[in-house]
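S.K.: Structure supplied as work_36.txt; contents: compact mmCIF, N, CA and C atoms.
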```
# COMPACT_ATOMS: atom_id res chain seq x y z
N PRO A 1330 10.05 56.95 181.42
CA PRO A 1330 9.35 55.94 180.65
C PRO A 1330 9.76 54.53 181.01
N PHE A 1331 11.00 54.31 181.41
CA PHE A 1331 11.44 52.96 181.75
C PHE A 1331 11.22 52.72 183.23
N SER A 1332 10.42 51.73 183.53
CA SER A 1332 10.08 51.47 184.93
C SER A 1332 10.85 50.30 185.52
N GLY A 1333 11.65 49.62 184.70
CA GLY A 1333 12.36 48.45 185.19
C GLY A 1333 11.56 47.18 185.04
N ASP A 1334 10.32 47.27 184.55
CA ASP A 1334 9.47 46.10 184.37
C ASP A 1334 9.57 45.51 182.98
N GLY A 1335 10.39 46.07 182.13
CA GLY A 1335 10.48 45.59 180.76
C GLY A 1335 11.89 45.72 180.21
N VAL A 1336 12.00 45.48 178.94
CA VAL A 1336 13.25 45.56 178.22
C VAL A 1336 13.15 46.72 177.25
N THR A 1337 14.21 47.49 177.11
CA THR A 1337 14.22 48.58 176.14
C THR A 1337 14.73 48.04 174.82
N PHE A 1338 13.95 48.27 173.77
CA PHE A 1338 14.31 47.84 172.43
C PHE A 1338 14.67 49.04 171.60
N ALA A 1339 15.67 48.89 170.73
CA ALA A 1339 16.06 49.95 169.80
C ALA A 1339 15.73 49.48 168.39
N THR A 1340 15.27 50.42 167.57
CA THR A 1340 14.95 50.16 166.18
C THR A 1340 15.53 51.27 165.33
N LEU A 1341 16.19 50.92 164.25
CA LEU A 1341 16.70 51.91 163.32
C LEU A 1341 15.71 51.98 162.16
N SER A 1342 15.07 53.12 162.03
CA SER A 1342 14.07 53.33 160.98
C SER A 1342 14.47 54.56 160.18
N SER A 1343 14.94 54.34 158.95
CA SER A 1343 15.44 55.41 158.11
C SER A 1343 16.61 56.08 158.83
N ILE A 1344 16.46 57.33 159.22
CA ILE A 1344 17.54 58.05 159.91
C ILE A 1344 17.33 58.12 161.42
N PHE A 1345 16.27 57.50 161.91
CA PHE A 1345 15.93 57.62 163.32
C PHE A 1345 16.23 56.35 164.10
N LEU A 1346 16.86 56.53 165.24
CA LEU A 1346 17.05 55.45 166.20
C LEU A 1346 15.96 55.63 167.24
N LEU A 1347 15.02 54.68 167.29
CA LEU A 1347 13.86 54.76 168.18
C LEU A 1347 14.02 53.79 169.34
N PHE A 1348 13.58 54.21 170.52
CA PHE A 1348 13.62 53.36 171.71
C PHE A 1348 12.21 53.15 172.22
N ALA A 1349 11.89 51.89 172.55
CA ALA A 1349 10.58 51.54 173.09
C ALA A 1349 10.76 50.55 174.22
N VAL A 1350 9.83 50.57 175.14
CA VAL A 1350 9.83 49.62 176.25
C VAL A 1350 8.66 48.68 176.04
N ALA A 1351 8.96 47.40 176.02
CA ALA A 1351 7.91 46.38 175.93
C ALA A 1351 7.85 45.69 177.28
N PRO A 1352 6.66 45.56 177.86
CA PRO A 1352 6.56 44.91 179.17
C PRO A 1352 6.97 43.45 179.10
N SER A 1353 7.42 42.93 180.23
CA SER A 1353 7.77 41.52 180.30
C SER A 1353 6.56 40.67 179.96
N THR A 1354 6.82 39.51 179.35
CA THR A 1354 5.71 38.62 179.00
C THR A 1354 5.18 37.91 180.23
N SER A 1355 5.99 37.81 181.25
CA SER A 1355 5.55 37.17 182.49
C SER A 1355 6.15 37.91 183.67
N ARG A 1356 5.31 38.50 184.49
CA ARG A 1356 5.82 39.23 185.66
C ARG A 1356 6.48 38.29 186.65
N CYS A 1357 6.01 37.04 186.73
CA CYS A 1357 6.59 36.09 187.68
C CYS A 1357 7.99 35.65 187.25
N LEU A 1358 8.15 35.38 185.95
CA LEU A 1358 9.41 34.87 185.46
C LEU A 1358 10.35 35.96 184.99
N LYS A 1359 9.84 37.15 184.83
CA LYS A 1359 10.63 38.29 184.36
C LYS A 1359 11.32 38.00 183.03
N ARG A 1360 10.62 37.27 182.16
CA ARG A 1360 11.17 36.99 180.84
C ARG A 1360 11.08 38.24 179.99
N PRO A 1361 12.06 38.46 179.11
CA PRO A 1361 11.97 39.62 178.23
C PRO A 1361 10.86 39.46 177.21
N ALA A 1362 10.34 40.57 176.75
CA ALA A 1362 9.28 40.55 175.76
C ALA A 1362 9.83 40.06 174.43
N SER A 1363 8.93 39.60 173.58
CA SER A 1363 9.32 39.12 172.26
C SER A 1363 9.55 40.30 171.32
N ALA A 1364 10.16 40.01 170.19
CA ALA A 1364 10.39 41.05 169.17
C ALA A 1364 9.05 41.59 168.66
N GLU A 1365 8.04 40.73 168.60
CA GLU A 1365 6.72 41.17 168.14
C GLU A 1365 6.11 42.16 169.13
N ALA A 1366 6.27 41.89 170.41
CA ALA A 1366 5.75 42.82 171.43
C ALA A 1366 6.48 44.15 171.36
N ALA A 1367 7.78 44.09 171.11
CA ALA A 1367 8.56 45.32 171.01
C ALA A 1367 8.12 46.14 169.81
N ALA A 1368 7.82 45.48 168.70
CA ALA A 1368 7.39 46.20 167.49
C ALA A 1368 6.06 46.90 167.72
N ALA A 1369 5.23 46.35 168.59
CA ALA A 1369 3.93 46.95 168.86
C ALA A 1369 4.00 48.09 169.88
N ALA A 1370 5.10 48.19 170.59
CA ALA A 1370 5.25 49.23 171.62
C ALA A 1370 5.56 50.57 170.98
N ALA A 1371 4.97 51.62 171.51
CA ALA A 1371 5.22 52.96 170.99
C ALA A 1371 6.58 53.46 171.48
N PRO A 1372 7.32 54.13 170.61
CA PRO A 1372 8.63 54.64 171.05
C PRO A 1372 8.48 55.76 172.07
N TYR A 1373 9.43 55.84 172.98
CA TYR A 1373 9.43 56.92 173.98
C TYR A 1373 10.60 57.86 173.78
N ALA A 1374 11.53 57.51 172.87
CA ALA A 1374 12.68 58.37 172.63
C ALA A 1374 13.16 58.18 171.20
N VAL A 1375 13.77 59.24 170.65
CA VAL A 1375 14.27 59.20 169.28
C VAL A 1375 15.60 59.96 169.19
N VAL A 1376 16.50 59.44 168.36
CA VAL A 1376 17.80 60.06 168.12
C VAL A 1376 18.01 60.10 166.61
N ASP A 1377 18.58 61.18 166.10
CA ASP A 1377 18.93 61.27 164.69
C ASP A 1377 20.23 60.47 164.50
N ALA A 1378 20.13 59.31 163.86
CA ALA A 1378 21.27 58.41 163.73
C ALA A 1378 22.36 58.95 162.82
N ARG A 1379 22.06 59.97 162.02
CA ARG A 1379 23.09 60.58 161.17
C ARG A 1379 24.15 61.28 162.01
N HIS A 1380 23.82 61.57 163.26
CA HIS A 1380 24.75 62.28 164.14
C HIS A 1380 25.41 61.36 165.16
N LEU A 1381 25.48 60.07 164.84
CA LEU A 1381 26.09 59.09 165.73
C LEU A 1381 27.25 58.40 165.03
N ARG A 1382 28.28 58.06 165.81
CA ARG A 1382 29.33 57.21 165.27
C ARG A 1382 29.73 56.20 166.33
N VAL A 1383 30.16 55.03 165.86
CA VAL A 1383 30.59 53.96 166.75
C VAL A 1383 32.03 54.26 167.18
N VAL A 1384 32.24 54.33 168.49
CA VAL A 1384 33.59 54.59 169.01
C VAL A 1384 34.20 53.35 169.66
N ASP A 1385 33.36 52.36 169.97
CA ASP A 1385 33.87 51.13 170.56
C ASP A 1385 32.91 50.00 170.26
N ALA A 1386 33.47 48.84 169.94
CA ALA A 1386 32.67 47.64 169.73
C ALA A 1386 33.28 46.53 170.57
N ALA A 1387 32.58 46.12 171.62
CA ALA A 1387 33.06 45.06 172.50
C ALA A 1387 32.40 43.75 172.06
N GLU A 1388 33.10 43.02 171.22
CA GLU A 1388 32.51 41.81 170.63
C GLU A 1388 32.20 40.73 171.66
N ALA A 1389 33.01 40.64 172.70
CA ALA A 1389 32.79 39.59 173.71
C ALA A 1389 31.46 39.75 174.43
N ILE A 1390 31.02 41.00 174.61
CA ILE A 1390 29.75 41.24 175.31
C ILE A 1390 28.69 41.86 174.41
N HIS A 1391 28.98 41.92 173.11
CA HIS A 1391 28.02 42.36 172.09
C HIS A 1391 27.52 43.79 172.31
N THR A 1392 28.41 44.70 172.65
CA THR A 1392 27.97 46.09 172.85
C THR A 1392 28.65 47.04 171.87
N LEU A 1393 27.92 48.07 171.50
CA LEU A 1393 28.44 49.17 170.70
C LEU A 1393 28.34 50.43 171.53
N THR A 1394 29.40 51.19 171.61
CA THR A 1394 29.37 52.48 172.28
C THR A 1394 29.36 53.56 171.21
N LEU A 1395 28.39 54.46 171.31
CA LEU A 1395 28.21 55.51 170.33
C LEU A 1395 28.49 56.87 170.95
N GLU A 1396 28.95 57.80 170.12
CA GLU A 1396 29.07 59.19 170.54
C GLU A 1396 28.47 60.07 169.45
N GLY A 1397 28.15 61.28 169.83
CA GLY A 1397 27.56 62.21 168.89
C GLY A 1397 28.61 62.93 168.08
N VAL A 1398 28.24 63.27 166.84
CA VAL A 1398 29.12 64.05 165.97
C VAL A 1398 28.30 65.15 165.30
N ALA A 1399 28.99 66.22 164.97
CA ALA A 1399 28.37 67.31 164.22
C ALA A 1399 29.32 67.65 163.08
N LEU A 1400 28.75 68.05 161.96
CA LEU A 1400 29.56 68.46 160.82
C LEU A 1400 29.64 69.97 160.79
N ASP A 1401 30.86 70.49 160.60
CA ASP A 1401 30.98 71.93 160.46
C ASP A 1401 30.74 72.31 159.00
N GLY A 1402 30.86 73.55 158.66
CA GLY A 1402 30.59 74.02 157.30
C GLY A 1402 31.52 73.44 156.26
N GLU A 1403 32.68 72.92 156.68
CA GLU A 1403 33.65 72.37 155.73
C GLU A 1403 33.59 70.84 155.67
N GLY A 1404 32.62 70.24 156.33
CA GLY A 1404 32.46 68.79 156.28
C GLY A 1404 33.31 68.02 157.28
N CYS A 1405 33.97 68.72 158.18
CA CYS A 1405 34.77 68.06 159.22
C CYS A 1405 33.89 67.69 160.40
N GLU A 1406 34.19 66.55 161.03
CA GLU A 1406 33.41 66.09 162.17
C GLU A 1406 34.00 66.59 163.47
N ALA A 1407 33.13 66.89 164.40
CA ALA A 1407 33.53 67.27 165.75
C ALA A 1407 32.65 66.51 166.73
N VAL A 1408 33.25 66.07 167.84
CA VAL A 1408 32.46 65.36 168.86
C VAL A 1408 31.42 66.32 169.42
N SER A 1409 30.22 65.82 169.58
CA SER A 1409 29.09 66.62 170.04
C SER A 1409 28.23 65.74 170.96
N PRO A 1410 27.53 66.31 171.91
CA PRO A 1410 26.64 65.48 172.73
C PRO A 1410 25.56 64.82 171.87
N ILE A 1411 25.15 63.63 172.28
CA ILE A 1411 24.04 62.95 171.61
C ILE A 1411 22.75 63.60 172.08
N SER A 1412 21.94 64.03 171.14
CA SER A 1412 20.67 64.66 171.46
C SER A 1412 19.56 63.62 171.39
N VAL A 1413 19.00 63.29 172.55
CA VAL A 1413 17.90 62.32 172.65
C VAL A 1413 16.62 63.11 172.91
N THR A 1414 15.63 62.89 172.07
CA THR A 1414 14.33 63.53 172.28
C THR A 1414 13.41 62.54 172.98
N LEU A 1415 13.05 62.85 174.23
CA LEU A 1415 12.11 62.02 174.99
C LEU A 1415 10.70 62.45 174.65
N LEU A 1416 9.87 61.50 174.26
CA LEU A 1416 8.47 61.78 173.91
C LEU A 1416 7.62 61.55 175.16
N LEU A 1417 7.09 62.62 175.71
CA LEU A 1417 6.35 62.54 176.96
C LEU A 1417 4.91 62.11 176.72
N PRO A 1418 4.27 61.47 177.70
CA PRO A 1418 2.91 60.94 177.54
C PRO A 1418 1.85 62.01 177.22
N ASP A 1419 2.11 63.26 177.61
CA ASP A 1419 1.12 64.32 177.36
C ASP A 1419 1.38 65.07 176.06
N ALA A 1420 2.11 64.46 175.13
CA ALA A 1420 2.40 64.99 173.79
C ALA A 1420 3.47 66.07 173.79
N ARG A 1421 4.08 66.36 174.93
CA ARG A 1421 5.22 67.27 174.94
C ARG A 1421 6.48 66.44 174.69
N TRP A 1422 7.60 67.11 174.55
CA TRP A 1422 8.87 66.43 174.39
C TRP A 1422 9.93 67.15 175.20
N LYS A 1423 11.00 66.44 175.48
CA LYS A 1423 12.08 67.00 176.27
C LYS A 1423 13.39 66.51 175.66
N GLU A 1424 14.34 67.42 175.53
CA GLU A 1424 15.63 67.04 174.97
C GLU A 1424 16.60 66.68 176.09
N LEU A 1425 17.31 65.60 175.88
CA LEU A 1425 18.30 65.10 176.83
C LEU A 1425 19.62 64.98 176.08
N LYS A 1426 20.70 65.43 176.68
CA LYS A 1426 22.03 65.35 176.07
C LYS A 1426 22.84 64.27 176.78
N LEU A 1427 23.43 63.37 175.99
CA LEU A 1427 24.26 62.30 176.52
C LEU A 1427 25.65 62.37 175.92
N ARG A 1428 26.65 62.06 176.72
CA ARG A 1428 28.02 62.03 176.22
C ARG A 1428 28.23 60.80 175.34
N GLN A 1429 27.73 59.66 175.80
CA GLN A 1429 27.83 58.40 175.05
C GLN A 1429 26.57 57.59 175.26
N LEU A 1430 26.36 56.63 174.37
CA LEU A 1430 25.22 55.73 174.45
C LEU A 1430 25.74 54.34 174.13
N THR A 1431 25.41 53.36 174.96
CA THR A 1431 25.84 51.99 174.74
C THR A 1431 24.63 51.13 174.40
N LEU A 1432 24.74 50.39 173.29
CA LEU A 1432 23.69 49.47 172.85
C LEU A 1432 24.21 48.05 173.02
N LYS A 1433 23.35 47.15 173.51
CA LYS A 1433 23.72 45.75 173.66
C LYS A 1433 22.89 44.92 172.69
N ALA A 1434 23.58 44.12 171.89
CA ALA A 1434 22.92 43.26 170.90
C ALA A 1434 22.83 41.84 171.45
N PRO A 1435 21.87 41.06 170.94
CA PRO A 1435 21.72 39.69 171.44
C PRO A 1435 22.81 38.73 170.97
N SER A 1436 23.55 39.09 169.91
CA SER A 1436 24.59 38.20 169.39
C SER A 1436 25.66 39.02 168.68
N ALA A 1437 26.78 38.37 168.38
CA ALA A 1437 27.86 39.05 167.65
C ALA A 1437 27.40 39.42 166.25
N GLN A 1438 26.62 38.57 165.63
CA GLN A 1438 26.11 38.85 164.28
C GLN A 1438 25.18 40.07 164.31
N ALA A 1439 24.29 40.12 165.29
CA ALA A 1439 23.38 41.26 165.41
C ALA A 1439 24.16 42.54 165.67
N MET A 1440 25.21 42.46 166.48
CA MET A 1440 26.03 43.63 166.75
C MET A 1440 26.70 44.12 165.47
N ALA A 1441 27.21 43.21 164.67
CA ALA A 1441 27.85 43.58 163.40
C ALA A 1441 26.84 44.22 162.46
N GLU A 1442 25.61 43.71 162.44
CA GLU A 1442 24.56 44.28 161.59
C GLU A 1442 24.19 45.68 162.05
N TRP A 1443 24.09 45.88 163.37
CA TRP A 1443 23.81 47.21 163.92
C TRP A 1443 24.91 48.18 163.53
N ARG A 1444 26.15 47.75 163.69
CA ARG A 1444 27.28 48.63 163.37
C ARG A 1444 27.25 49.04 161.90
N GLU A 1445 27.04 48.07 161.03
CA GLU A 1445 26.99 48.34 159.59
C GLU A 1445 25.84 49.30 159.26
N SER A 1446 24.68 49.06 159.84
CA SER A 1446 23.52 49.92 159.58
C SER A 1446 23.74 51.35 160.07
N LEU A 1447 24.31 51.49 161.26
CA LEU A 1447 24.58 52.83 161.80
C LEU A 1447 25.62 53.57 160.96
N GLU A 1448 26.65 52.86 160.53
CA GLU A 1448 27.68 53.50 159.71
C GLU A 1448 27.13 53.89 158.34
N LEU A 1449 26.26 53.07 157.77
CA LEU A 1449 25.64 53.39 156.49
C LEU A 1449 24.73 54.62 156.63
N THR A 1450 23.97 54.68 157.71
CA THR A 1450 23.09 55.82 157.97
C THR A 1450 23.91 57.10 158.11
N ARG A 1451 25.01 57.01 158.84
CA ARG A 1451 25.87 58.18 159.04
C ARG A 1451 26.53 58.61 157.75
N SER A 1452 26.90 57.66 156.91
CA SER A 1452 27.56 58.01 155.65
C SER A 1452 26.64 58.82 154.75
N HIS A 1453 25.33 58.62 154.88
CA HIS A 1453 24.36 59.37 154.10
C HIS A 1453 24.29 60.83 154.55
N ALA A 1454 24.69 61.12 155.77
CA ALA A 1454 24.67 62.49 156.28
C ALA A 1454 25.63 63.38 155.50
N CYS A 1455 26.68 62.77 154.94
CA CYS A 1455 27.67 63.55 154.18
C CYS A 1455 27.10 64.04 152.86
N CYS A 1456 26.03 63.42 152.42
CA CYS A 1456 25.44 63.77 151.13
C CYS A 1456 24.44 64.91 151.24
N PHE A 1457 23.95 65.19 152.43
CA PHE A 1457 22.91 66.19 152.63
C PHE A 1457 23.37 67.21 153.66
N LYS A 1458 22.93 68.45 153.48
CA LYS A 1458 23.20 69.47 154.51
C LYS A 1458 22.26 69.22 155.66
N ILE A 1459 22.82 69.10 156.86
CA ILE A 1459 21.97 68.87 158.05
C ILE A 1459 22.26 69.91 159.09
```
Could you write out this file's structure as C-alpha cells?

M.R.:
Amino acid sequence: PFSGDGVTFATLSSIFLLFAVAPSTSRCLKRPASAEAAAAAAPYAVVDARHLRVVDAAEAIHTLTLEGVALDGEGCEAVSPISVTLLLPDARWKELKLRQLTLKAPSAQAMAEWRESLELTRSHACCFKI
C-alpha cells in the first residue's frame, strides 16, 4: 500500500490504531499531505491498540517504540508479536506480525499525547476479557 509517494498517517480510533497513506500535495515539491487529506484517506492497516505497550520514548526525535503484549488467564502480560491486519484492495486481508513498531510524532507534545492515549487504551484492556 505504501508507494513512497506519500506520508503514512496513524489515527487512534477507540481501540484501533489505523494507518493510511495520503498522497503528497505536490509531486514536484514532495510536501507532506495535510491532516485533512490524511483524514480523507482510507486506512490500509489496523492494529488492536489494547495489545500494544510503549517500550521506548525518544523525546529528542519524537518517536515511540511499541511492542505487542498478550494477557494470560491470570492477567499477567507477556511480550507477543504485534498483529497488523493489512486491508487489501480486493477486500481480502492479510495478517502481518511485527516485533516492534516505531511511531514518529511531529512534536514532543504530540508524542506525549500519543503515549498517554495508547496507555489509556491499553489500561482498558484489563477491564475486559480479550

S.K.: With a distance cut-off of 6 Å and only C-alpha atoms, select the neighbouring residues of stretch 1419-1436 of chain A, excluding the residue or stretch itself and same-chain residues fewer than 2 positions from it, and output the selection as a ChimeraX atom specification.

M.R.: /A:1391-1396,1410-1417,1438-1440

S.K.: I'd like the interatomic distance between atom CA of A:Val1375 and atom CA of A:Ala1399, to a tenth of an Å.

M.R.: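 That distance, rounded to one decimal, is 17.0 Å.
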
S.K.: So that I can see what lies close to stretch 1441-1447 of chain A, please list as a ChimeraX atom specification the residues with an atom at most 9 Å from it, counting only C-alpha atoms and leaving out residues fewer than 3 positions away in the same chain.

M.R.: /A:1341,1344,1378-1379,1381-1383,1386,1388,1391,1393,1434,1436-1438,1450-1452

S.K.: Let's have the selection written as an mmCIF file, in the coordinates of the input, with N, CA and C atoms.

M.R.:
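Final output, part_8.cif:
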```
data_model
loop_
_atom_site.group_PDB
_atom_site.id
_atom_site.type_symbol
_atom_site.label_atom_id
_atom_site.label_comp_id
_atom_site.auth_asym_id
_atom_site.auth_seq_id
_atom_site.Cartn_x
_atom_site.Cartn_y
_atom_site.Cartn_z
ATOM 1 N N LEU A 1341 16.190 50.920 164.250
ATOM 2 C CA LEU A 1341 16.700 51.910 163.320
ATOM 3 C C LEU A 1341 15.710 51.980 162.160
ATOM 4 N N ILE A 1344 16.460 57.330 159.220
ATOM 5 C CA ILE A 1344 17.540 58.050 159.910
ATOM 6 C C ILE A 1344 17.330 58.120 161.420
ATOM 7 N N ALA A 1378 20.130 59.310 163.860
ATOM 8 C CA ALA A 1378 21.270 58.410 163.730
ATOM 9 C C ALA A 1378 22.360 58.950 162.820
ATOM 10 N N ARG A 1379 22.060 59.970 162.020
ATOM 11 C CA ARG A 1379 23.090 60.580 161.170
ATOM 12 C C ARG A 1379 24.150 61.280 162.010
ATOM 13 N N LEU A 1381 25.480 60.070 164.840
ATOM 14 C CA LEU A 1381 26.090 59.090 165.730
ATOM 15 C C LEU A 1381 27.250 58.400 165.030
ATOM 16 N N ARG A 1382 28.280 58.060 165.810
ATOM 17 C CA ARG A 1382 29.330 57.210 165.270
ATOM 18 C C ARG A 1382 29.730 56.200 166.330
ATOM 19 N N VAL A 1383 30.160 55.030 165.860
ATOM 20 C CA VAL A 1383 30.590 53.960 166.750
ATOM 21 C C VAL A 1383 32.030 54.260 167.180
ATOM 22 N N ALA A 1386 33.470 48.840 169.940
ATOM 23 C CA ALA A 1386 32.670 47.640 169.730
ATOM 24 C C ALA A 1386 33.280 46.530 170.570
ATOM 25 N N GLU A 1388 33.100 43.020 171.220
ATOM 26 C CA GLU A 1388 32.510 41.810 170.630
ATOM 27 C C GLU A 1388 32.200 40.730 171.660
ATOM 28 N N HIS A 1391 28.980 41.920 173.110
ATOM 29 C CA HIS A 1391 28.020 42.360 172.090
ATOM 30 C C HIS A 1391 27.520 43.790 172.310
ATOM 31 N N LEU A 1393 27.920 48.070 171.500
ATOM 32 C CA LEU A 1393 28.440 49.170 170.700
ATOM 33 C C LEU A 1393 28.340 50.430 171.530
ATOM 34 N N ALA A 1434 23.580 44.120 171.890
ATOM 35 C CA ALA A 1434 22.920 43.260 170.900
ATOM 36 C C ALA A 1434 22.830 41.840 171.450
ATOM 37 N N SER A 1436 23.550 39.090 169.910
ATOM 38 C CA SER A 1436 24.590 38.200 169.390
ATOM 39 C C SER A 1436 25.660 39.020 168.680
ATOM 40 N N ALA A 1437 26.780 38.370 168.380
ATOM 41 C CA ALA A 1437 27.860 39.050 167.650
ATOM 42 C C ALA A 1437 27.400 39.420 166.250
ATOM 43 N N GLN A 1438 26.620 38.570 165.630
ATOM 44 C CA GLN A 1438 26.110 38.850 164.280
ATOM 45 C C GLN A 1438 25.180 40.070 164.310
ATOM 46 N N THR A 1450 23.970 54.680 157.710
ATOM 47 C CA THR A 1450 23.090 55.820 157.970
ATOM 48 C C THR A 1450 23.910 57.100 158.110
ATOM 49 N N ARG A 1451 25.010 57.010 158.840
ATOM 50 C CA ARG A 1451 25.870 58.180 159.040
ATOM 51 C C ARG A 1451 26.530 58.610 157.750
ATOM 52 N N SER A 1452 26.900 57.660 156.910
ATOM 53 C CA SER A 1452 27.560 58.010 155.650
ATOM 54 C C SER A 1452 26.640 58.820 154.750
#
```

S.K.: Interatomic distance between atom CA of A:Val1408 and atom CA of A:Ala1349?

M.R.: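 These two atoms are separated by 26.2 Å.
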
S.K.: To one decimal in Å, tell me the separation between atom CA of A:Phe1345 and atom CA of A:Asp1385.

M.R.: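 Computing it gives 20.4 Å between the two atoms.
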
S.K.: Counting only C-alpha atoms, which of A:Val1384, A:Val1336, A:Leu1449, A:Ala1370 gets nearest to A:Val1398?

M.R.: A:Val1384

S.K.: Rank A:Cys1405, A:Val1350, A:Ser1342, A:Ala1387 by their smallest atom-to-atom distance to A:Tyr1373, using only C-alpha atoms, and report the top residue only.

M.R.: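 For A:Tyr1373, the nearest of the candidates is A:Val1350.
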
S.K.: Of the residues A:Glu1406, A:Ala1389, A:His1380, A:Pro1418, which is the one nearest to A:Glu1448, using only C-alpha atoms?

M.R.: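 Looking at the shortest contact to A:Glu1448, the residue is A:His1380.
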
S.K.: The centre and edge lengths of an axis-aligned box containing all atoms of stretch 1430-1441 of chain A present in the file, extended by 5 Å on each side, are to be given in Å to one decimal, as lines of an AutoDock Vina configuration file.

M.R.:
```
center_x = 24.8
center_y = 47.4
center_z = 168.7
size_x = 16.1
size_y = 28.4
size_z = 22.5
```

S.K.: Counting all atoms listed in the file, which of A:Thr1337, A:Leu1347, A:Gly1397, A:Glu1403 gets nearest to A:Ala1374?

M.R.: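 Checking each candidate against A:Ala1374, we get A:Leu1347 as the closest.
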
S.K.: Using DSSP assignments from the backbone, pull out every residue in stretch 1347-1452 of chain A that falls under strand (DSSP E or B) and give it to me as a ChimeraX atom specification.

M.R.: /A:1347-1352,1355,1360,1372-1377,1381-1387,1392-1400,1406-1409,1411-1416,1422-1427,1429-1433

S.K.: Please rebuild stretch 1423-1429 of chain A with all heavy atoms and give the result as an mmCIF file, keeping the file's coordinate frame.

M.R.:
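Saved to result.cif:
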```cif
data_model
loop_
_atom_site.group_PDB
_atom_site.id
_atom_site.type_symbol
_atom_site.label_atom_id
_atom_site.label_comp_id
_atom_site.auth_asym_id
_atom_site.auth_seq_id
_atom_site.Cartn_x
_atom_site.Cartn_y
_atom_site.Cartn_z
ATOM 1 N N LYS A 1423 11.000 66.440 175.480
ATOM 2 C CA LYS A 1423 12.080 67.000 176.270
ATOM 3 C C LYS A 1423 13.390 66.510 175.660
ATOM 4 O O LYS A 1423 13.531 65.336 175.326
ATOM 5 C CB LYS A 1423 11.975 66.537 177.724
ATOM 6 C CG LYS A 1423 13.048 67.060 178.626
ATOM 7 C CD LYS A 1423 12.827 66.582 180.054
ATOM 8 C CE LYS A 1423 13.920 67.119 180.957
ATOM 9 N NZ LYS A 1423 13.732 66.687 182.329
ATOM 10 N N GLU A 1424 14.340 67.420 175.530
ATOM 11 C CA GLU A 1424 15.630 67.040 174.970
ATOM 12 C C GLU A 1424 16.600 66.680 176.090
ATOM 13 O O GLU A 1424 16.690 67.368 177.103
ATOM 14 C CB GLU A 1424 16.197 68.185 174.137
ATOM 15 C CG GLU A 1424 17.432 67.801 173.370
ATOM 16 C CD GLU A 1424 17.907 68.905 172.454
ATOM 17 O OE1 GLU A 1424 17.589 70.079 172.690
ATOM 18 O OE2 GLU A 1424 18.617 68.571 171.494
ATOM 19 N N LEU A 1425 17.310 65.600 175.880
ATOM 20 C CA LEU A 1425 18.300 65.100 176.830
ATOM 21 C C LEU A 1425 19.620 64.980 176.080
ATOM 22 O O LEU A 1425 19.663 64.504 174.948
ATOM 23 C CB LEU A 1425 17.853 63.724 177.347
ATOM 24 C CG LEU A 1425 18.768 62.956 178.260
ATOM 25 C CD1 LEU A 1425 18.898 63.658 179.605
ATOM 26 C CD2 LEU A 1425 18.232 61.545 178.467
ATOM 27 N N LYS A 1426 20.700 65.430 176.680
ATOM 28 C CA LYS A 1426 22.030 65.350 176.070
ATOM 29 C C LYS A 1426 22.840 64.270 176.780
ATOM 30 O O LYS A 1426 22.916 64.246 178.002
ATOM 31 C CB LYS A 1426 22.772 66.686 176.180
ATOM 32 C CG LYS A 1426 22.077 67.842 175.499
ATOM 33 C CD LYS A 1426 22.204 67.759 174.011
ATOM 34 C CE LYS A 1426 21.661 69.036 173.381
ATOM 35 N NZ LYS A 1426 21.809 69.024 171.946
ATOM 36 N N LEU A 1427 23.430 63.370 175.990
ATOM 37 C CA LEU A 1427 24.260 62.300 176.520
ATOM 38 C C LEU A 1427 25.650 62.370 175.920
ATOM 39 O O LEU A 1427 25.813 62.689 174.741
ATOM 40 C CB LEU A 1427 23.668 60.932 176.183
ATOM 41 C CG LEU A 1427 22.265 60.618 176.676
ATOM 42 C CD1 LEU A 1427 21.828 59.254 176.160
ATOM 43 C CD2 LEU A 1427 22.226 60.647 178.195
ATOM 44 N N ARG A 1428 26.650 62.060 176.720
ATOM 45 C CA ARG A 1428 28.020 62.030 176.220
ATOM 46 C C ARG A 1428 28.230 60.800 175.340
ATOM 47 O O ARG A 1428 28.833 60.866 174.285
ATOM 48 C CB ARG A 1428 29.010 62.027 177.384
ATOM 49 C CG ARG A 1428 30.445 62.251 176.971
ATOM 50 C CD ARG A 1428 31.373 62.361 178.170
ATOM 51 N NE ARG A 1428 31.478 61.134 178.942
ATOM 52 C CZ ARG A 1428 32.223 60.084 178.583
ATOM 53 N NH1 ARG A 1428 32.903 60.104 177.485
ATOM 54 N NH2 ARG A 1428 32.277 59.024 179.359
ATOM 55 N N GLN A 1429 27.730 59.660 175.800
ATOM 56 C CA GLN A 1429 27.830 58.400 175.050
ATOM 57 C C GLN A 1429 26.570 57.590 175.260
ATOM 58 O O GLN A 1429 25.833 57.808 176.230
ATOM 59 C CB GLN A 1429 29.036 57.573 175.503
ATOM 60 C CG GLN A 1429 30.368 58.157 175.115
ATOM 61 C CD GLN A 1429 31.509 57.207 175.438
ATOM 62 O OE1 GLN A 1429 31.471 56.465 176.416
ATOM 63 N NE2 GLN A 1429 32.544 57.241 174.613
#
```
